2 protein chains.
Amino acid sequence: MMQTRICTLFDIHYPIIQAGMVWCSGWRLAAAVSEYGGLGIIGAGSMYPDVLQQHIQKCKQATSKPFAVNVPLLYPDIDQLMACIVEEQVPIVFTSAGNPKIWTSRLKENGIKVAHVVSSAKFAQKSEAAGVDAVVAEGFEAGGHNGREETTTFCLIPLVKQAVSIPVIAAGGIGSGQSILAAMALGAEGVQIGSLFAASKESSAHEYFKNAVVEAKEGDTMLTMKQLTPVRLIKNDFFQRIHEAEQACCTKEELAEILGKRRAKKGIFEGDLVEGELEIGQISASIEEIKSVRQIMDGLINDFELARKVFAAK
Amino acid sequence: MMQTRICTLFDIHYPIIQAGMVWCSGWRLAAAVSEYGGLGIIGAGSMYPDVLQQHIQKCKQATSKPFAVNVPLLYPDIDQLMACIVEEQVPIVFTSAGNPKIWTSRLKENGIKVAHVVSSAKFAQKSEAAGVDAVVAEGFEAGGHNGREETTTFCLIPLVKQAVSIPVIAAGGIGSGQSILAAMALGAEGVQIGSLFAASKESSAHEYFKNAVVEAKEGDTMLTMKQLTPVRLIKNDFFQRIHEAEQACCTKEELAEILGKRRAKKGIFEGDLVEGELEIGQISASIEEIKSVRQIMDGLINDFELARKVFAAK
């Protein structure tokens, strides 16, 4: 498969990165992706510092290859999380949902590579100025929390590519080897894949959630809760309640009350398909089976090469 | 450039189609695109039947190459438009905004090729069943009227490709040779480009509108008026009024009253950037200059070939 600066930067074989996802990406998933030559990420967003430490230690036992931890910068126990990451000598950190200014230099002083997730070229430039090694540019179609500009992967990648000189990782809508080629044609040097790995055998999500991802068809996800933080999820009963409240012009506070706490855990980890927050990307419409990481990686790499040959031949 | 079934179907040199766009795509733009080897489309959405006839006749005088007419199927004078198209022996018709069942067979009986614009795989299948020769799959990022599913080009193309056996034309977010390659990697056999041609020298849009497209940055367009028909436009004063009314939970009727009539003409053709409806795609953020059709076509073809070589070489 194509070698890019992302392969060199993270010392990985394929420029395929598994997204850090709450309640999906523990050590088991991350280690499997790294073992098969991609970059696995432990999603710290749903972990207390001591839980994260256990996941990091187990991941190191399961693979000698590089892996990363994803840290949402608005996390309340961020100091403890970062201390744990430094102590455990995690080689790479993906930061998101916040300003990369404060933490990037501290992490880099400890020899840690840093990538930051953005949804606009403007924030990609700010991230580069903050010293990050790469940016993940995440389009409107991506699952979970997302930007307010609603810029899609097709439009976002060329804008970000033009705005920065560090390598760009495309996220949102990527679930096949063909789409990796498409992202690279638009200027990405790597891809970050969420939904496909969320529904993998090694994902720590509940079986019911994985089945819901497989069953999701086009139009079954929606970017919602724009008054709070926009999030893409499956349109279940919980979504309908939110949607009706929004249609009825509810306040931010009323929306926050309906949302309540621990909705994502309820939906993704506990498998409550009615009351839970089922965060997933639009590409779930193309996911037809729960596969192992090995099957996923083999499929991506083979399809990428097949697609590439089509363009080389004609 | 790559030859696909779209080239054969429409008898064109490059699988590049200029979108039919209200107040932008008269005979001058359509003829120029066809002359340079793409497929030019006269947008009948903003034309009375006698005006359309004049445009068709002028287009035939300006080029001997194939061109098309785009007809929104909900158009009130549809019978007269279609009669004119048949009488003038227009070789290709692109239909949109309606059910292709009624008109496809009548057009095909007259030797006319038919493509239909869809925003979902479901309607792509219905279009294929109705006998169309190709479908245009238009993503969420596209300008003007758009689907309710909000599926982006990245996610939509593979879904449509899988759903039908007729060729798929990708639309939405395409404004460079690199993005043509990306669309083809996802399964498209041709692309339909709107925004870039809307801001071309040959476009019949007002100079002020073209300048507004050039000046638009990321996040400057939004899909709005979802209670009526979703439309993507530049966030100007008119949009703000609509947006505030929606935030205040206005009714459909109130929204329709704010919208009024002839907003698109006012904005696009008359150049009223304050009160007009400035329909354009997200890719406008990447458009930096008003170019001639010749410059645009040369740029697209060169960049496509350069991008293709990158993948062939590595």
# chains A, B, ... in the order shown; residues from 1 in each chain; ligands from 1
$ residues_around --residues "Ala182 (chain A)" --least-positions-apart "6" --cutoff "9 Å" --atoms "only C-alpha atoms" --output "list in words"
Phe154 and Ala188 of chain A; Phe154, Gln178, Ser179, Leu181, Ala182, Ala183, Met184, Ala185 and Leu186 of chain B
$ write_last_selection --atoms "C-alpha atoms" --output "PDB file, in the first residue's frame"
ATOM      1  CA  PHE A 154     -15.051  16.026  -0.033  1.00  0.00           C
ATOM      2  CA  ALA A 188      -4.929  13.194   2.609  1.00  0.00           C
TER       3      ALA A 188
ATOM      4  CA  PHE B 154     -18.362  10.418   0.075  1.00  0.00           C
ATOM      5  CA  GLN B 178      -8.256  15.660  -7.852  1.00  0.00           C
ATOM      6  CA  SER B 179     -11.878  15.514  -6.776  1.00  0.00           C
ATOM      7  CA  LEU B 181     -10.382  11.222  -9.409  1.00  0.00           C
ATOM      8  CA  ALA B 182     -11.805  10.868  -5.891  1.00  0.00           C
ATOM      9  CA  ALA B 183     -15.365  10.585  -7.235  1.00  0.00           C
ATOM     10  CA  MET B 184     -14.255   7.943  -9.727  1.00  0.00           C
ATOM     11  CA  ALA B 185     -12.446   6.008  -7.003  1.00  0.00           C
ATOM     12  CA  LEU B 186     -15.772   5.900  -5.144  1.00  0.00           C
TER      13      LEU B 186
END
$ interface_residues --of "chain A" --to "chain B" --cutoff "7 Å" --atoms "only C-alpha atoms" --output "list in words"
Met2, Glu141, Glu149, Thr151, Thr152, Thr153, Phe154, Cys155, Leu159, Gly173, Gln178, Ser179, Leu181, Ala182, Ala183, Ala185, Leu186, Gly219, Gln247, Ala248, Cys249, Gln282, Ile283, Ser286, Ala307, Arg308, Phe311, Ala312 and Lys314 of chain A
$ residues_around --residues "Val33 (chain A)" --least-positions-apart "6" --cutoff "7 Å" --atoms "only C-alpha atoms" --output "PyMOL selection string"
chain A and resi 18+39-40+293
$ calpha_fit_and_write --fixed "chain B" --moving "chain A" --output "mmCIF file with C-alpha atoms, in the first residue's frame"
data_model
loop_
_atom_site.group_PDB
_atom_site.id
_atom_site.type_symbol
_atom_site.label_atom_id
_atom_site.label_comp_id
_atom_site.auth_asym_id
_atom_site.auth_seq_id
_atom_site.Cartn_x
_atom_site.Cartn_y
_atom_site.Cartn_z
ATOM 1 C CA MET A 1 -8.538 11.475 -19.575
ATOM 2 C CA MET A 2 -10.330 8.321 -18.522
ATOM 3 C CA GLN A 3 -13.035 7.033 -20.813
ATOM 4 C CA THR A 4 -16.142 5.694 -19.100
ATOM 5 C CA ARG A 5 -19.646 4.588 -20.082
ATOM 6 C CA ILE A 6 -20.733 8.208 -19.596
ATOM 7 C CA CYS A 7 -18.480 9.272 -22.500
ATOM 8 C CA THR A 8 -20.040 6.629 -24.751
ATOM 9 C CA LEU A 9 -23.594 7.281 -23.577
ATOM 10 C CA PHE A 10 -23.500 11.010 -24.245
ATOM 11 C CA ASP A 11 -20.897 10.901 -27.032
ATOM 12 C CA ILE A 12 -18.573 13.278 -25.186
ATOM 13 C CA HIS A 13 -14.802 13.385 -24.847
ATOM 14 C CA TYR A 14 -14.493 13.971 -21.080
ATOM 15 C CA PRO A 15 -16.890 12.619 -18.419
ATOM 16 C CA ILE A 16 -17.348 16.167 -17.094
ATOM 17 C CA ILE A 17 -20.873 17.528 -17.000
ATOM 18 C CA GLN A 18 -21.798 21.122 -16.235
ATOM 19 C CA ALA A 19 -24.811 21.198 -13.925
ATOM 20 C CA GLY A 20 -28.036 22.819 -15.080
ATOM 21 C CA MET A 21 -28.427 25.775 -12.708
ATOM 22 C CA VAL A 22 -31.155 28.396 -12.539
ATOM 23 C CA TRP A 23 -30.013 31.815 -13.773
ATOM 24 C CA CYS A 24 -26.465 30.557 -14.476
ATOM 25 C CA SER A 25 -26.590 28.058 -17.273
ATOM 26 C CA GLY A 26 -27.948 29.489 -20.470
ATOM 27 C CA TRP A 27 -26.832 28.571 -24.001
ATOM 28 C CA ARG A 28 -23.537 30.444 -23.688
ATOM 29 C CA LEU A 29 -22.257 28.344 -20.778
ATOM 30 C CA ALA A 30 -23.696 25.073 -22.080
ATOM 31 C CA ALA A 31 -22.251 25.547 -25.568
ATOM 32 C CA ALA A 32 -18.805 26.433 -24.193
ATOM 33 C CA VAL A 33 -18.635 23.314 -21.983
ATOM 34 C CA SER A 34 -19.769 21.078 -24.846
ATOM 35 C CA GLU A 35 -17.297 22.728 -27.244
ATOM 36 C CA TYR A 36 -14.433 21.890 -24.877
ATOM 37 C CA GLY A 37 -15.418 18.229 -24.761
ATOM 38 C CA GLY A 38 -17.640 18.050 -21.689
ATOM 39 C CA LEU A 39 -21.420 18.043 -21.568
ATOM 40 C CA GLY A 40 -23.041 21.457 -21.273
ATOM 41 C CA ILE A 41 -26.533 21.702 -19.828
ATOM 42 C CA ILE A 42 -29.091 24.446 -20.323
ATOM 43 C CA GLY A 43 -30.959 24.883 -17.041
ATOM 44 C CA ALA A 44 -34.641 25.207 -17.946
ATOM 45 C CA GLY A 45 -35.705 25.755 -14.330
ATOM 46 C CA SER A 46 -35.629 29.525 -14.757
ATOM 47 C CA MET A 47 -36.990 29.645 -18.325
ATOM 48 C CA TYR A 48 -40.396 30.022 -19.914
ATOM 49 C CA PRO A 49 -40.873 27.605 -22.840
ATOM 50 C CA ASP A 50 -40.226 30.288 -25.468
ATOM 51 C CA VAL A 51 -37.045 31.403 -23.683
ATOM 52 C CA LEU A 52 -35.864 27.804 -23.520
ATOM 53 C CA GLN A 53 -36.459 27.427 -27.249
ATOM 54 C CA GLN A 54 -34.279 30.443 -27.970
ATOM 55 C CA HIS A 55 -31.514 29.061 -25.749
ATOM 56 C CA ILE A 56 -31.640 25.666 -27.451
ATOM 57 C CA GLN A 57 -31.486 27.240 -30.896
ATOM 58 C CA LYS A 58 -28.572 29.481 -29.956
ATOM 59 C CA CYS A 59 -26.756 26.546 -28.362
ATOM 60 C CA LYS A 60 -27.122 24.523 -31.568
ATOM 61 C CA GLN A 61 -25.700 27.447 -33.534
ATOM 62 C CA ALA A 62 -22.756 27.759 -31.149
ATOM 63 C CA THR A 63 -21.761 24.087 -31.057
ATOM 64 C CA SER A 64 -22.314 20.977 -33.132
ATOM 65 C CA LYS A 65 -21.482 18.828 -30.121
ATOM 66 C CA PRO A 66 -24.065 17.150 -27.853
ATOM 67 C CA PHE A 67 -25.590 19.227 -25.089
ATOM 68 C CA ALA A 68 -28.469 18.666 -22.664
ATOM 69 C CA VAL A 69 -31.373 20.459 -21.032
ATOM 70 C CA ASN A 70 -32.114 20.112 -17.322
ATOM 71 C CA VAL A 71 -35.811 20.026 -16.452
ATOM 72 C CA PRO A 72 -37.154 20.124 -12.899
ATOM 73 C CA LEU A 73 -40.134 17.771 -13.145
ATOM 74 C CA LEU A 74 -42.277 19.898 -10.847
ATOM 75 C CA TYR A 75 -42.130 22.809 -13.308
ATOM 76 C CA PRO A 76 -45.656 24.100 -14.005
ATOM 77 C CA ASP A 77 -45.262 24.362 -17.807
ATOM 78 C CA ILE A 78 -43.576 20.983 -18.059
ATOM 79 C CA ASP A 79 -45.632 19.826 -21.082
ATOM 80 C CA GLN A 80 -44.608 22.838 -23.092
ATOM 81 C CA LEU A 81 -40.960 22.535 -22.046
ATOM 82 C CA MET A 82 -40.851 18.872 -23.037
ATOM 83 C CA ALA A 83 -42.638 19.578 -26.341
ATOM 84 C CA CYS A 84 -40.010 22.200 -27.130
ATOM 85 C CA ILE A 85 -37.177 19.786 -26.250
ATOM 86 C CA VAL A 86 -38.596 17.083 -28.522
ATOM 87 C CA GLU A 87 -39.281 19.531 -31.340
ATOM 88 C CA GLU A 88 -35.767 20.936 -31.163
ATOM 89 C CA GLN A 89 -34.304 17.415 -31.085
ATOM 90 C CA VAL A 90 -32.254 17.994 -27.955
ATOM 91 C CA PRO A 91 -30.181 14.791 -27.641
ATOM 92 C CA ILE A 92 -30.040 14.536 -23.828
ATOM 93 C CA VAL A 93 -32.310 15.539 -20.931
ATOM 94 C CA PHE A 94 -31.386 15.682 -17.243
ATOM 95 C CA THR A 95 -34.484 15.556 -15.060
ATOM 96 C CA SER A 96 -34.629 16.471 -11.382
ATOM 97 C CA ALA A 97 -36.981 17.316 -8.510
ATOM 98 C CA GLY A 98 -39.755 14.846 -9.248
ATOM 99 C CA ASN A 99 -40.696 11.344 -10.334
ATOM 100 C CA PRO A 100 -38.963 10.203 -13.551
ATOM 101 C CA LYS A 101 -41.643 7.611 -14.247
ATOM 102 C CA ILE A 102 -43.887 9.677 -16.520
ATOM 103 C CA TRP A 103 -41.426 11.490 -18.717
ATOM 104 C CA THR A 104 -38.565 9.031 -19.182
ATOM 105 C CA SER A 105 -40.361 6.724 -21.630
ATOM 106 C CA ARG A 106 -41.812 9.618 -23.624
ATOM 107 C CA LEU A 107 -38.379 11.175 -24.005
ATOM 108 C CA LYS A 108 -36.723 7.880 -24.884
ATOM 109 C CA GLU A 109 -39.383 7.168 -27.534
ATOM 110 C CA ASN A 110 -38.072 10.312 -29.187
ATOM 111 C CA GLY A 111 -34.496 9.053 -29.114
ATOM 112 C CA ILE A 112 -33.511 11.269 -26.200
ATOM 113 C CA LYS A 113 -31.049 10.025 -23.557
ATOM 114 C CA VAL A 114 -32.246 10.619 -19.992
ATOM 115 C CA ALA A 115 -30.358 11.084 -16.714
ATOM 116 C CA HIS A 116 -32.138 11.751 -13.427
ATOM 117 C CA VAL A 117 -30.783 13.547 -10.364
ATOM 118 C CA VAL A 118 -31.181 11.741 -7.014
ATOM 119 C CA SER A 119 -29.937 12.142 -3.460
ATOM 120 C CA SER A 120 -30.339 8.536 -2.335
ATOM 121 C CA ALA A 121 -29.700 4.968 -3.498
ATOM 122 C CA LYS A 122 -33.411 4.261 -3.066
ATOM 123 C CA PHE A 123 -34.386 6.855 -5.669
ATOM 124 C CA ALA A 124 -31.500 5.794 -7.878
ATOM 125 C CA GLN A 125 -33.087 2.331 -8.027
ATOM 126 C CA LYS A 126 -36.506 3.829 -8.795
ATOM 127 C CA SER A 127 -34.936 5.909 -11.556
ATOM 128 C CA GLU A 128 -33.264 2.860 -13.053
ATOM 129 C CA ALA A 129 -36.595 1.035 -12.946
ATOM 130 C CA ALA A 130 -38.160 4.030 -14.725
ATOM 131 C CA GLY A 131 -35.705 3.430 -17.557
ATOM 132 C CA VAL A 132 -33.223 6.305 -17.218
ATOM 133 C CA ASP A 133 -29.803 5.864 -18.834
ATOM 134 C CA ALA A 134 -27.779 7.258 -15.927
ATOM 135 C CA VAL A 135 -28.250 8.807 -12.502
ATOM 136 C CA VAL A 136 -26.664 11.884 -11.002
ATOM 137 C CA ALA A 137 -26.052 11.202 -7.288
ATOM 138 C CA GLU A 138 -25.947 14.561 -5.539
ATOM 139 C CA GLY A 139 -24.397 14.886 -2.082
ATOM 140 C CA PHE A 140 -25.304 17.146 0.843
ATOM 141 C CA GLU A 141 -22.509 19.585 -0.057
ATOM 142 C CA ALA A 142 -24.091 20.489 -3.406
ATOM 143 C CA GLY A 143 -25.569 23.936 -3.958
ATOM 144 C CA GLY A 144 -29.249 24.694 -4.481
ATOM 145 C CA HIS A 145 -32.024 22.213 -3.769
ATOM 146 C CA ASN A 146 -30.978 19.059 -2.030
ATOM 147 C CA GLY A 147 -32.187 15.861 -0.333
ATOM 148 C CA ARG A 148 -33.480 15.420 3.197
ATOM 149 C CA GLU A 149 -31.216 12.476 4.058
ATOM 150 C CA GLU A 150 -28.159 14.800 4.084
ATOM 151 C CA THR A 151 -25.979 11.998 2.713
ATOM 152 C CA THR A 152 -22.619 13.366 1.570
ATOM 153 C CA THR A 153 -20.904 12.620 -1.723
ATOM 154 C CA PHE A 154 -18.355 10.409 0.069
ATOM 155 C CA CYS A 155 -21.093 8.165 1.468
ATOM 156 C CA LEU A 156 -23.662 8.497 -1.320
ATOM 157 C CA ILE A 157 -21.623 7.463 -4.369
ATOM 158 C CA PRO A 158 -20.680 3.960 -3.091
ATOM 159 C CA LEU A 159 -24.298 3.348 -1.992
ATOM 160 C CA VAL A 160 -25.730 4.394 -5.367
ATOM 161 C CA LYS A 161 -23.027 2.525 -7.269
ATOM 162 C CA GLN A 162 -23.955 -0.638 -5.402
ATOM 163 C CA ALA A 163 -27.694 -0.117 -5.943
ATOM 164 C CA VAL A 164 -27.781 0.311 -9.740
ATOM 165 C CA SER A 165 -26.062 -1.047 -12.823
ATOM 166 C CA ILE A 166 -26.465 2.082 -14.972
ATOM 167 C CA PRO A 167 -23.584 4.595 -14.778
ATOM 168 C CA VAL A 168 -23.425 6.971 -11.808
ATOM 169 C CA ILE A 169 -22.496 10.647 -12.140
ATOM 170 C CA ALA A 170 -21.212 12.202 -8.893
ATOM 171 C CA ALA A 171 -22.330 15.705 -7.909
ATOM 172 C CA GLY A 172 -21.596 17.852 -4.869
ATOM 173 C CA GLY A 173 -18.190 19.018 -3.714
ATOM 174 C CA ILE A 174 -16.434 18.554 -7.055
ATOM 175 C CA GLY A 175 -14.273 21.449 -8.163
ATOM 176 C CA SER A 176 -10.861 20.049 -9.137
ATOM 177 C CA GLY A 177 -9.218 17.292 -11.121
ATOM 178 C CA GLN A 178 -8.253 15.652 -7.836
ATOM 179 C CA SER A 179 -11.897 15.512 -6.769
ATOM 180 C CA ILE A 180 -12.887 13.982 -10.123
ATOM 181 C CA LEU A 181 -10.380 11.217 -9.397
ATOM 182 C CA ALA A 182 -11.813 10.867 -5.881
ATOM 183 C CA ALA A 183 -15.362 10.583 -7.230
ATOM 184 C CA MET A 184 -14.253 7.951 -9.721
ATOM 185 C CA ALA A 185 -12.445 6.006 -6.986
ATOM 186 C CA LEU A 186 -15.780 5.901 -5.142
ATOM 187 C CA GLY A 187 -17.469 4.402 -8.203
ATOM 188 C CA ALA A 188 -18.656 7.335 -10.319
ATOM 189 C CA GLU A 189 -18.187 7.203 -14.092
ATOM 190 C CA GLY A 190 -18.611 10.924 -14.507
ATOM 191 C CA VAL A 191 -18.992 14.113 -12.504
ATOM 192 C CA GLN A 192 -21.448 16.971 -12.560
ATOM 193 C CA ILE A 193 -19.919 20.303 -11.592
ATOM 194 C CA GLY A 194 -22.054 23.262 -10.562
ATOM 195 C CA SER A 195 -20.402 25.965 -8.430
ATOM 196 C CA LEU A 196 -17.230 26.204 -10.506
ATOM 197 C CA PHE A 197 -19.232 26.814 -13.694
ATOM 198 C CA ALA A 198 -21.708 29.113 -11.919
ATOM 199 C CA ALA A 199 -18.755 31.433 -11.311
ATOM 200 C CA SER A 200 -17.322 31.078 -14.832
ATOM 201 C CA LYS A 201 -17.071 33.911 -17.327
ATOM 202 C CA GLU A 202 -19.700 32.264 -19.541
ATOM 203 C CA SER A 203 -22.212 31.891 -16.688
ATOM 204 C CA SER A 204 -25.233 34.169 -17.031
ATOM 205 C CA ALA A 205 -25.153 34.942 -13.304
ATOM 206 C CA HIS A 206 -24.589 38.540 -12.199
ATOM 207 C CA GLU A 207 -20.993 39.655 -11.655
ATOM 208 C CA TYR A 208 -21.799 40.434 -8.005
ATOM 209 C CA PHE A 209 -23.007 36.860 -7.484
ATOM 210 C CA LYS A 210 -19.858 35.439 -9.096
ATOM 211 C CA ASN A 211 -17.744 37.633 -6.829
ATOM 212 C CA ALA A 212 -19.695 36.410 -3.800
ATOM 213 C CA VAL A 213 -18.935 32.822 -4.827
ATOM 214 C CA VAL A 214 -15.229 33.617 -5.130
ATOM 215 C CA GLU A 215 -15.252 35.343 -1.738
ATOM 216 C CA ALA A 216 -17.167 32.556 0.071
ATOM 217 C CA LYS A 217 -15.022 30.790 2.679
ATOM 218 C CA GLU A 218 -15.590 27.521 4.552
ATOM 219 C CA GLY A 219 -18.777 27.544 6.588
ATOM 220 C CA ASP A 220 -20.253 30.358 4.466
ATOM 221 C CA THR A 221 -22.973 28.176 2.933
ATOM 222 C CA MET A 222 -25.684 26.287 4.791
ATOM 223 C CA LEU A 223 -28.440 23.828 3.921
ATOM 224 C CA THR A 224 -31.569 25.612 5.081
ATOM 225 C CA MET A 225 -35.369 25.858 4.691
ATOM 226 C CA LYS A 226 -35.704 22.180 5.559
ATOM 227 C CA GLN A 227 -39.397 22.683 6.370
ATOM 228 C CA LEU A 228 -40.024 23.629 2.737
ATOM 229 C CA THR A 229 -37.479 22.264 0.261
ATOM 230 C CA PRO A 230 -33.912 22.074 1.620
ATOM 231 C CA VAL A 231 -31.616 24.438 -0.263
ATOM 232 C CA ARG A 232 -27.910 25.256 0.142
ATOM 233 C CA LEU A 233 -27.061 28.939 -0.148
ATOM 234 C CA ILE A 234 -24.655 31.620 1.029
ATOM 235 C CA LYS A 235 -25.441 32.879 4.544
ATOM 236 C CA ASN A 236 -26.411 36.458 3.646
ATOM 237 C CA ASP A 237 -28.987 38.803 5.227
ATOM 238 C CA PHE A 238 -31.869 36.938 3.603
ATOM 239 C CA PHE A 239 -30.561 33.652 5.061
ATOM 240 C CA GLN A 240 -30.256 35.254 8.501
ATOM 241 C CA ARG A 241 -33.906 36.250 8.376
ATOM 242 C CA ILE A 242 -34.930 32.712 7.445
ATOM 243 C CA HIS A 243 -32.618 31.300 10.107
ATOM 244 C CA GLU A 244 -33.985 33.543 12.858
ATOM 245 C CA ALA A 245 -37.549 32.671 11.893
ATOM 246 C CA GLU A 246 -36.670 28.972 12.049
ATOM 247 C CA GLN A 247 -35.012 29.420 15.437
ATOM 248 C CA ALA A 248 -38.200 31.122 16.600
ATOM 249 C CA CYS A 249 -40.236 28.099 15.450
ATOM 250 C CA CYS A 250 -42.057 29.774 12.592
ATOM 251 C CA THR A 251 -44.647 27.830 10.605
ATOM 252 C CA LYS A 252 -44.165 26.560 7.068
ATOM 253 C CA GLU A 253 -46.487 29.297 5.885
ATOM 254 C CA GLU A 254 -44.512 32.036 7.625
ATOM 255 C CA LEU A 255 -41.316 30.653 6.111
ATOM 256 C CA ALA A 256 -42.897 30.614 2.651
ATOM 257 C CA GLU A 257 -43.943 34.219 3.142
ATOM 258 C CA ILE A 258 -40.421 35.333 4.067
ATOM 259 C CA LEU A 259 -39.091 33.418 1.079
ATOM 260 C CA GLY A 260 -41.611 35.025 -1.249
ATOM 261 C CA LYS A 261 -41.063 34.679 -4.988
ATOM 262 C CA ARG A 262 -38.169 35.199 -7.373
ATOM 263 C CA ARG A 263 -35.516 35.236 -4.649
ATOM 264 C CA ALA A 264 -33.092 33.154 -6.724
ATOM 265 C CA LYS A 265 -33.469 35.481 -9.710
ATOM 266 C CA LYS A 266 -32.917 38.468 -7.428
ATOM 267 C CA GLY A 267 -29.723 37.006 -5.980
ATOM 268 C CA ILE A 268 -28.141 35.130 -8.852
ATOM 269 C CA PHE A 269 -29.292 37.050 -11.933
ATOM 270 C CA GLU A 270 -29.822 40.540 -10.541
ATOM 271 C CA GLY A 271 -26.910 40.412 -8.096
ATOM 272 C CA ASP A 272 -28.815 41.463 -4.983
ATOM 273 C CA LEU A 273 -26.466 39.990 -2.375
ATOM 274 C CA VAL A 274 -28.582 41.195 0.551
ATOM 275 C CA GLU A 275 -32.113 40.126 -0.359
ATOM 276 C CA GLY A 276 -31.419 37.430 -2.948
ATOM 277 C CA GLU A 277 -31.206 33.641 -2.587
ATOM 278 C CA LEU A 278 -27.558 32.880 -3.363
ATOM 279 C CA GLU A 279 -27.625 29.168 -4.224
ATOM 280 C CA ILE A 280 -24.137 27.629 -4.323
ATOM 281 C CA GLY A 281 -22.253 24.561 -3.076
ATOM 282 C CA GLN A 282 -19.788 24.151 -0.192
ATOM 283 C CA ILE A 283 -16.971 23.847 -2.729
ATOM 284 C CA SER A 284 -17.330 27.606 -3.322
ATOM 285 C CA ALA A 285 -14.834 27.878 -0.446
ATOM 286 C CA SER A 286 -12.200 26.477 -2.826
ATOM 287 C CA ILE A 287 -13.070 28.746 -5.776
ATOM 288 C CA GLU A 288 -10.649 31.661 -5.907
ATOM 289 C CA GLU A 289 -11.105 33.187 -9.324
ATOM 290 C CA ILE A 290 -13.650 33.737 -12.101
ATOM 291 C CA LYS A 291 -12.305 31.693 -14.999
ATOM 292 C CA SER A 292 -13.356 30.955 -18.564
ATOM 293 C CA VAL A 293 -14.770 27.531 -19.385
ATOM 294 C CA ARG A 294 -11.602 26.818 -21.320
ATOM 295 C CA GLN A 295 -9.419 27.553 -18.262
ATOM 296 C CA ILE A 296 -11.694 25.472 -16.048
ATOM 297 C CA MET A 297 -11.731 22.462 -18.379
ATOM 298 C CA ASP A 298 -7.960 22.589 -18.967
ATOM 299 C CA GLY A 299 -7.357 22.803 -15.208
ATOM 300 C CA LEU A 300 -9.659 19.892 -14.414
ATOM 301 C CA ILE A 301 -8.147 17.632 -17.039
ATOM 302 C CA ASN A 302 -4.524 18.470 -16.215
ATOM 303 C CA ASP A 303 -5.026 18.070 -12.474
ATOM 304 C CA PHE A 304 -6.873 14.796 -12.961
ATOM 305 C CA GLU A 305 -3.972 13.410 -14.971
ATOM 306 C CA LEU A 306 -1.389 14.654 -12.471
ATOM 307 C CA ALA A 307 -3.307 13.097 -9.578
ATOM 308 C CA ARG A 308 -3.703 9.848 -11.477
ATOM 309 C CA LYS A 309 0.043 9.663 -12.119
ATOM 310 C CA VAL A 310 0.732 9.904 -8.391
ATOM 311 C CA PHE A 311 -1.221 6.719 -7.816
ATOM 312 C CA ALA A 312 0.164 4.964 -10.855
ATOM 313 C CA ALA A 313 3.762 5.660 -9.848
ATOM 314 C CA LYS A 314 3.863 4.662 -6.213
#
$ select_by_dssp --residues "region 2-147 of chain A" --states "helix (DSSP H, G or I)" --output "PyMOL selection string"
chain A and resi 5-10+27-35+44-46+49-62+78-87+101-109+121-129
$ select_by_dssp --residues "region 118-285 of chain A" --states "strand (DSSP E)" --output "list in words"
Val118, Ala134, Val135, Val136, Ala137, Glu138, Gly144, His145, Val168, Ile169, Ala170, Ala171, Gly190, Val191, Gln192, Ile193, Thr221, Met222, Leu223, Thr224, Val231, Arg232, Leu233 and Ile234 of chain A
